[in-house]
Every structure is written in structure tokens, then in C-alpha cells.
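Quick notes on the structure that follows.
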Amino acid sequence: MNLNFNIIRILLSLLLLLPPALAWAAPGSALLKGIMQKSSAKPVSASSEINPTALLEEIKLKLAATGAELAAMPTEATDSITVELSENKGIFVRRAYLKQLVFAYQSILSRLNNLQSRKQHRLELENQAANWSGFSAPSPHPFLQADNLKESIASLNNRIDELEPLITMTDQAEAQLAKTIENSTVKLRQADEAVEQAKTSPDLQARLDRERGLLTLQNQLDLARILALQIEKQSTHEELLEIRAKLQLANKQLSMSPEQVGLTQSDIDQAHKNLDSESQHIIAELKQEVSALDFDHKAEQPDASGAATPAQVDQIRQAQQDNTDIKLQALNRILLYLQMQRDIWDLRWAFAKVTDREKAGEAYEKITRNQAVLTMIRDYINRQRHRLLVLVTDQSVNQRDTAMDGSDAVSDKIKNLDLDQIVSYSRMLGAIESTQNLLDRSKQELDARFAVKSFSDYLMQAWLTARDVTAQVWQFELLAVQDNIEVNGQIISGKRSVTVDKVSTALAILIVGYWLAVRLARLVEGLSVTRLGMDASLARIARRWILFIEVILLVVLSMLVVRIPLTIFAFMGGALAIGAGFGMQNMLKNLISGLMLLFERPFRPGDVVEVGGIRGRVTDIGVRSSHIIDSNGIETLIPNSTFIEQNVTNWTLSSKSVRIVINIGIAYGSPLKEVSRLLLEIANRHGMVLKEPAPQVLFEDFASDSLLFGLYVWVEINPDVSWKTIASDLRYMINKTLAEHDIVIAFPQRDIHLNSSRPLEVRVLADAADTGNAKD
């Protein structure tokens, strides 16, 4: 529980050391909005070690000087923040800064004293851990001694894990403050320059000098804050070293403890005695709190209500009541956890001599159940404590920002009550941690005793584990469904369980039945093709529909066999049924479209079709969608409804022959008849060009740059050769043949004719800029 207090102290320090939000303390001059002070003092480096003895005297002197300056300050002309006169406003702000600086120096002194004592204590612990050589006398309860050492080691390790992140948090806050001080150095130089430039105006110079003084105080306050933060970080580091020294000593003592010491009745009696003693202390504290509660009910007013308003009095009373309730709950909870620890010790003693692995499983089950409950309670208490910690830190920051001229007794009272609640939650967490550690050690003992030492032990452990897990999972109820149940010959309405074993059996029936259904559907497909002469593609589609119907029958049959009522689908709810209906809408549309394609047969597998901008060969016609692969080898799944709703072009419905055209542009002056003859010869030479219909050459147009010819040929669509490949071959052959016969393939060109009957007139034109320069 000491760690909890340390965490609270460190987090409060981090928040209290942040710069206050004094909006009314900003200088009134626009020139000084970006100005901060310059200081020759530097914060201690993060890597350097603070010497508390050397700093104590220096901080005392600074505290005395700051206190004297504060005492010499005149009293403010008004208590209002929004004063009219800038001089009175400057005095008010300066007093606020001096009060903060006095508070900061007092906090540094307290931290330095704490650091000094902690450092000395850490050195003593390190010396004790290094020089410890053994116990002076054997313990009458060696098992309890080793058990307590194990608990200490576990607690110390947990404290180390929680303290290490706090150092990182402190480093981040220190870096932020260091940037603030670095910026203030630049701003203070600017303030010096502003004062120097205002020598000609005494009034302006006096005002700027007052503002520079405020910046100087702000810089000193920032330096005090970062120094306090560094002291806090080193104090946390010293605490971490102290815990590690304790951990080293505890490990040494545990290594020197007798090994293989069994739990005895004497150990149990001593553990009960220790727990009874703790319980008596808690009961006495509980009685004291109840007595104090009765006395508070008879009291006239809360402590801080003398100058408080009625609303504040009610607020304090409510906070006192909440604090008392939480404290009483915490004490009762601690008693409960002490009783739980007593039961754990009894459990350890009951299973101390047990050798049966199956019997030990009961202890494992109890330990696991208690660990789960404690983890849930610990998380809840942690959240409550964190909420209060945030509330207390916010209250501290608000008090420092808005109540610089004195302490608010009501707020202090409420904050102290909240801190008492945090302490109560921390005590509960300490009791829970102690109970959890005891459970962990009990489980470790069982693990050590029932560790697998031979192959037979391994088999026995595996068998017990598998049996327990299987039994729990097998009988786990997933849900209960309303159904009619027959009891003693009478039909009554009740609920039927849907367990894992029923679902597993139904799945097994589905798997085996699906395997048989697939084989039956394939057998029907083969017989339809061989015996009935059905088309293979049609038989394949029929097989899929048969398999679909068989799966539906299998689902119904499996549910009836394992007695899962069909009303389970109604149990799923109307919203799920509506959602499934919308989801099934497109699927049913595609299924019906598949039936229409099955009977109409507008295309077959192997046909080349074009639909929705996709052209390719049909590879498969499914129940819901059809597969098309295009010329690039990309396979596309197209829903069957698309073929019904959109225009479909079947290039191979009645014939696989298609006509393609090759366009050629010949230069003017070329022999046209010769070109036609050569193009026909090229088409006839190509082996993939069909002889019927015969190739045809057409003189199509007189273009601006060429004579256009079109070579029309018929080719057969073949899965192995694309018609684009045939067209490419023809273009290669045309280019080669025309080149051999000196026939030019035309390209875009233009002829320019010049009139040479008279001399050409040449003019030199100058731009406007050159003309202007010439005039000048």
C-alpha cells in the first residue's frame, strides 16, 4: 500500500508543477505579448545527481529573500481582478507570482528533506543486502517464512513494474518545462531591448520595467518548478533503488531457506493466528469508525462550515458521508479478503497430502474461480480510485489558479475527504493483491507437486484435461428454443436446449450426408449423359440443382435427428428474418434466372458471348452465376440474372465464323488492280482464313492522304487462336508484299506550292517594346 501513496504523491506533483493558467497576469502591452524573462540560472541536468545538502541552504536563502520581498509589497488597491489602473494590476500580479514562488520553494525544501532521508535509507538497505549472510536462528515455521518471502518478492516486483513508467512520465514533463524556460530566455532578451529603447520616455520605460520584473518572477517560478520536478524524479529513482535492494535481500533470504519443506499443522495454526490478529485490528478500526459516525450525526456543523454557505455545508456533509461509507465498505471488504485468505490456507492444507491428479483438479478449479472474481473486483476498484485521483488533481490545479490569495477551507476539506477515499481504495487493493499472491503461490505448489515427471504422468494429465474440457464444452448450452415436449404421454410447452453435442451431431450428419449427396448427384449426372443422351453442360447444371435440394433435405433431417426444433429459425427473430429476406432476394433471382438459362439455353459452355461490356468465352454455367474468361485470361463471375435483364450477344450461337476487316491506305498513283490482286493472294495464303465465304477486297474511299482499301475475310473463332492474332498476321503479310512490289503505304502529308512568277516580299516586324526604344 505504500506504493499506492507514492503513486498519488508523484502524480499530484506532476500536475501541480504545471504552469498556472493566469490569463489576467499577461502584460498589457502588445510589445510584451511575446516576451519572457532571461535568467542566468540553469536547471539541473537530467543526467546529473542532485545534492540535497548543498541545495538546502541555497533554497532557504531564496525563500527568505522572496518572503521578505512579498512582505514589503504594498497592499492591493482592490480585490477585483479586472482593475482599471495598470499599476495596481501589476502589484496584484506580482504578489500572486511571489506567493507561488514561496510555495514552490517550500515544496522544494520538503522534497529535499525527503530525498535526503530516502537516500540514506537506501544506502542502509543496500549495505544490509550486501552484508547479509544468513539467518541468526532457524525459524520455527520454515514454510511460512519461505511463503512470506515469496509474497514479498512478488509485491516488490509489482512495485518496480509500476514505478518505472513514472520516471518516463517525469522525463516528459521535465522536457516540456525545459522548452518553456528556453523560450523565456529569448523573450527576456527582447524585454531588455524594449526597456533600453524606451529611455526617451520615462513613463513607457517604467511600465516596461514593471512588466520585465513580472517576466523575471515567471522565469524564477519556472526554474523552481523544473528543479522540484527533478528532485521528485531523483526521489522516485531512489525509491526504485531501495525496492531493488529489498528485492535482493529477499531473494538472498529465500535462497537460504530450507528447500522441500512441507506444510504442517503448526504452520496452519500460525497462519490462522496471524490472520485473526489482522482481523481483530480491522474489527477494532471498524468499531471506531462506527462510533465516530454516531458522534458525527450528533455534531452541529462540519468543521469547515463556519464561513461556508448552506450549499457548501451540504456539499461537505455529502462528501463526509461518502467518505464514511467507502471507509466502512473498505474495512468490511478487507475482513472478507482476510476470511478468503483463511479459506485458502485451509485449502492448501486439505490438498497438501493429495496425490491424485483428478482430486487436485478440484483445487485448481477453486483457485481459478477465486482468481477471476478478484481480478474483476480489482479492476473496478482501480477505476474508482483513478476517478478520484483525477478529481483531486483537478481540484488542486483549480485552487492554485483561482485562489492564489488564500486557501479555500471548503475546497481543502472536500479534497482531503477525497484523499481519504483514495486511501480506502488503496487499502482494499492491497488486501486483494495479498489474496491474489496467496492464490498464485497455492497454484504454484500444485504445479510443482503435479508436474509431469514421466510419460505415464503426461498421459494421465492429458487425459484428465481433455476429459474435463470436453465434458464442459460438450454439455455447454448455446441457447434454449421453445418447443412442444412430451412428458408422461402429455404434450406440454417448454424449452429445449441446443447444446454443443447436438450441434456437433447435426454437423456430423451434414458432413457424411453431403459426401453421399455429392456422389449420388455425380452418379445421376453420369447416367443422364450415358443412358439418356443428355448434353454434358445440361447434365452438369442438373447435378448442381439436385445437390442443392439434397442439402436442404439434409439440414432438416439432421435437426430432426438430434431433436433441435425447427422453431430455432423463428427464435432468431423477425429482424434477422427480414435481413435474410433482403439478402436472399438477389440469390433467389439468380437461381430462377439459372433455371431459365437451363431451359432456354441461349448459350452453352464454350460459346463466345458479350454482356455488360465484357466479351469472353463461357467456361461454366452455375446455379447462381456463370463464368466467362476474356482474351486476357481474366475470369469473371456474372450473375445469371444479368443474362436475363441485359442484352446478350452470342458470337457463336449458330455459327463460329465471324468476318474481320483489315484497312489499308495506299499512296495516290499506285496500281489499284495490282493492289486488289495482291490483297486477295495474301488472304488466300493464310491458313486460318476461311475459303467460304471467300475473301473480298473493296476500294472504299478517296481519302485526303491515301486510297483506302478494305480486306474482308472470314475466320472461325477458335479457343486456341484469337481473331486478333489472325488480323495481325495479315497486316505483317500485307506490309511485306506491298514493299516487295514497291507499293507505298500512305501516311499523312501536305504539299506547299509557292508562286514563283514574281519576287517574294519580305517584311521585318518589330514588337511594341522595340518600337518604343527606337523612338527614344
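In the C-alpha cells, the first chain shown is A, the next is B, and so on; residue numbers restart at 1 for each chain, and ligands run from 1 in the order shown.
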
Among the residues of range 213-423 of chain A, find those DSSP assigns to alpha helix (DSSP H) from the backbone and print them as a PyMOL selection string.
chain A and resi 213-255+265-298+310-350+357-402+409-423

List the spatial neighbours of Val618 in chain A as a VMD selection string - criterion: any atom at most 9 Å away, only C-alpha atoms, same-chain residues fewer than 2 positions off excluded.
chain A and resid 603 to 609 616 620 to 621 626 to 630

Let me see the file: selected residues, all heavy atoms, as a short mmCIF file (atom, residue, chain, number, x, y, z; two decimals), in the first residue's frame.
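Okay, out-v5.cif is ready:
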```cif
data_model
loop_
_atom_site.label_atom_id
_atom_site.label_comp_id
_atom_site.auth_asym_id
_atom_site.auth_seq_id
_atom_site.Cartn_x
_atom_site.Cartn_y
_atom_site.Cartn_z
N PHE A 603 -26.99 -19.79 -74.55
CA PHE A 603 -25.56 -20.04 -74.80
C PHE A 603 -25.17 -21.29 -74.04
O PHE A 603 -25.85 -21.74 -73.11
CB PHE A 603 -24.70 -18.84 -74.39
CG PHE A 603 -24.91 -18.40 -72.96
CD1 PHE A 603 -24.24 -19.01 -71.91
CD2 PHE A 603 -25.78 -17.36 -72.66
CE1 PHE A 603 -24.43 -18.60 -70.62
CE2 PHE A 603 -25.99 -16.95 -71.36
CZ PHE A 603 -25.31 -17.57 -70.33
N ARG A 604 -24.04 -21.86 -74.46
CA ARG A 604 -23.52 -23.09 -73.87
C ARG A 604 -22.08 -22.86 -73.44
O ARG A 604 -21.44 -21.91 -73.90
CB ARG A 604 -23.57 -24.25 -74.87
CG ARG A 604 -24.95 -24.54 -75.42
CD ARG A 604 -24.86 -25.67 -76.44
NE ARG A 604 -26.16 -25.98 -77.02
CZ ARG A 604 -26.71 -25.32 -78.03
NH1 ARG A 604 -26.05 -24.30 -78.60
NH2 ARG A 604 -27.89 -25.65 -78.49
N PRO A 605 -21.53 -23.71 -72.59
CA PRO A 605 -20.10 -23.60 -72.28
C PRO A 605 -19.27 -23.71 -73.56
O PRO A 605 -19.48 -24.60 -74.38
CB PRO A 605 -19.85 -24.77 -71.34
CG PRO A 605 -21.16 -25.02 -70.67
CD PRO A 605 -22.20 -24.72 -71.73
N GLY A 606 -18.35 -22.79 -73.76
CA GLY A 606 -17.54 -22.74 -74.97
C GLY A 606 -17.96 -21.64 -75.91
O GLY A 606 -17.18 -21.25 -76.80
N ASP A 607 -19.20 -21.10 -75.77
CA ASP A 607 -19.66 -20.02 -76.63
C ASP A 607 -18.96 -18.72 -76.25
O ASP A 607 -18.60 -18.50 -75.08
CB ASP A 607 -21.17 -19.83 -76.51
CG ASP A 607 -21.94 -20.95 -77.22
OD1 ASP A 607 -21.27 -21.77 -77.87
OD2 ASP A 607 -23.17 -20.99 -77.09
N VAL A 608 -18.78 -17.84 -77.23
CA VAL A 608 -18.23 -16.51 -77.01
C VAL A 608 -19.40 -15.55 -76.93
O VAL A 608 -20.15 -15.40 -77.90
CB VAL A 608 -17.24 -16.12 -78.12
CG1 VAL A 608 -16.73 -14.69 -77.89
CG2 VAL A 608 -16.08 -17.09 -78.18
N VAL A 609 -19.54 -14.91 -75.78
CA VAL A 609 -20.66 -14.01 -75.57
C VAL A 609 -20.13 -12.65 -75.12
O VAL A 609 -18.99 -12.51 -74.67
CB VAL A 609 -21.64 -14.57 -74.51
CG1 VAL A 609 -22.21 -15.89 -74.95
CG2 VAL A 609 -20.95 -14.71 -73.16
N GLY A 616 -16.14 -12.60 -73.76
CA GLY A 616 -15.28 -13.72 -73.43
C GLY A 616 -15.97 -15.03 -73.71
O GLY A 616 -17.11 -15.10 -74.17
N ASP A 620 -18.32 -21.95 -67.66
CA ASP A 620 -19.19 -22.73 -66.77
C ASP A 620 -20.48 -21.97 -66.56
O ASP A 620 -20.50 -20.74 -66.49
CB ASP A 620 -18.49 -22.97 -65.43
CG ASP A 620 -19.26 -23.95 -64.55
OD1 ASP A 620 -20.09 -24.70 -65.10
OD2 ASP A 620 -19.04 -23.95 -63.33
N ILE A 621 -21.58 -22.70 -66.45
CA ILE A 621 -22.89 -22.13 -66.14
C ILE A 621 -23.34 -22.73 -64.82
O ILE A 621 -23.67 -23.93 -64.75
CB ILE A 621 -23.92 -22.42 -67.26
CG1 ILE A 621 -23.42 -21.88 -68.60
CG2 ILE A 621 -25.26 -21.81 -66.91
CD1 ILE A 621 -24.31 -22.24 -69.76
N SER A 626 -22.52 -17.50 -63.80
CA SER A 626 -21.80 -18.15 -64.90
C SER A 626 -20.40 -17.56 -64.99
O SER A 626 -20.17 -16.39 -64.63
CB SER A 626 -22.52 -17.94 -66.23
OG SER A 626 -23.81 -18.51 -66.18
N HIS A 627 -19.45 -18.35 -65.48
CA HIS A 627 -18.05 -17.95 -65.54
C HIS A 627 -17.70 -17.62 -66.98
O HIS A 627 -17.97 -18.41 -67.90
CB HIS A 627 -17.13 -19.05 -65.02
CG HIS A 627 -17.36 -19.38 -63.59
ND1 HIS A 627 -16.42 -19.98 -62.79
CD2 HIS A 627 -18.44 -19.20 -62.78
CE1 HIS A 627 -16.88 -20.15 -61.58
NE2 HIS A 627 -18.13 -19.69 -61.56
N ILE A 628 -17.06 -16.45 -67.19
CA ILE A 628 -16.61 -16.03 -68.51
C ILE A 628 -15.15 -15.64 -68.40
O ILE A 628 -14.76 -14.90 -67.48
CB ILE A 628 -17.45 -14.84 -69.04
CG1 ILE A 628 -18.89 -15.29 -69.30
CG2 ILE A 628 -16.84 -14.26 -70.30
CD1 ILE A 628 -19.78 -14.18 -69.82
N ILE A 629 -14.33 -16.12 -69.33
CA ILE A 629 -12.92 -15.76 -69.37
C ILE A 629 -12.66 -14.98 -70.66
O ILE A 629 -13.07 -15.39 -71.75
CB ILE A 629 -12.01 -17.04 -69.30
CG1 ILE A 629 -10.54 -16.64 -69.26
CG2 ILE A 629 -12.31 -18.00 -70.43
CD1 ILE A 629 -9.62 -17.81 -68.93
N ASP A 630 -12.05 -13.80 -70.50
CA ASP A 630 -11.84 -12.94 -71.68
C ASP A 630 -10.51 -13.26 -72.35
O ASP A 630 -9.79 -14.20 -71.95
CB ASP A 630 -11.92 -11.47 -71.28
CG ASP A 630 -10.86 -11.08 -70.25
OD1 ASP A 630 -9.94 -11.88 -70.01
OD2 ASP A 630 -10.96 -9.97 -69.68
#
```

Could you jot down the CA of Ala64 in chain A to CA of Phe103 in chain A separation for me, Å, one decimal place?
11.9 Å

From A:Asp447, A:Asp343, A:Asp322, A:Glu433, residue lying nearest Lys366 in chain A [only C-alpha atoms]:
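Of all the options, A:Asp343 lies closest to Lys366 in chain A.
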
Could you tell me, as a ChimeraX atom specification, which residues of range 609-672 of chain A DSSP assigns to strand (DSSP E) when given the backbone?
/A:609-611,614-621,625-629,635-639,648-650,657-666

Print the selection's residues with C-alpha atoms to a file, as a short mmCIF file (atom, residue, chain, number, x, y, z; two decimals), in the first residue's frame.
```cif
data_model
loop_
_atom_site.label_atom_id
_atom_site.label_comp_id
_atom_site.auth_asym_id
_atom_site.auth_seq_id
_atom_site.Cartn_x
_atom_site.Cartn_y
_atom_site.Cartn_z
CA VAL A 609 -20.66 -14.01 -75.57
CA GLU A 610 -20.68 -10.31 -74.80
CA VAL A 611 -22.72 -8.90 -71.90
CA ILE A 614 -17.47 -7.96 -71.12
CA ARG A 615 -16.64 -10.27 -74.05
CA GLY A 616 -15.28 -13.72 -73.43
CA ARG A 617 -15.74 -17.46 -73.61
CA VAL A 618 -18.26 -19.17 -71.33
CA THR A 619 -16.44 -21.73 -69.20
CA ASP A 620 -19.19 -22.73 -66.77
CA ILE A 621 -22.89 -22.13 -66.14
CA SER A 625 -23.67 -17.35 -61.71
CA SER A 626 -21.80 -18.15 -64.90
CA HIS A 627 -18.05 -17.95 -65.54
CA ILE A 628 -16.61 -16.03 -68.51
CA ILE A 629 -12.92 -15.76 -69.37
CA GLU A 635 -12.19 -14.92 -65.43
CA THR A 636 -15.36 -13.03 -64.46
CA LEU A 637 -18.34 -14.35 -62.46
CA ILE A 638 -21.53 -12.85 -63.86
CA PRO A 639 -24.87 -13.36 -62.02
CA VAL A 648 -26.52 -10.60 -74.64
CA THR A 649 -24.52 -11.06 -77.83
CA ASN A 650 -23.65 -14.67 -78.60
CA SER A 657 -17.48 -17.89 -88.27
CA VAL A 658 -17.01 -14.11 -87.99
CA ARG A 659 -15.88 -11.54 -90.51
CA ILE A 660 -13.00 -9.18 -89.81
CA VAL A 661 -11.72 -6.28 -91.86
CA ILE A 662 -8.18 -5.05 -92.45
CA ASN A 663 -8.00 -1.39 -93.54
CA ILE A 664 -5.07 -0.31 -95.79
CA GLY A 665 -4.22 3.16 -97.11
CA ILE A 666 -2.32 3.18 -100.47
#
```

Proximity to Leu419 in chain A - best of A:Val195, A:Ile552, A:Asn323, A:Ala506, only C-alpha atoms
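Nearest to Leu419 in chain A: A:Asn323.
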
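Of the listed residues (A:Ala191, A:Leu249, A:Leu63, A:Leu263), A:Leu63 comes nearest to Gln220 in chain A; the distances count only C-alpha atoms.
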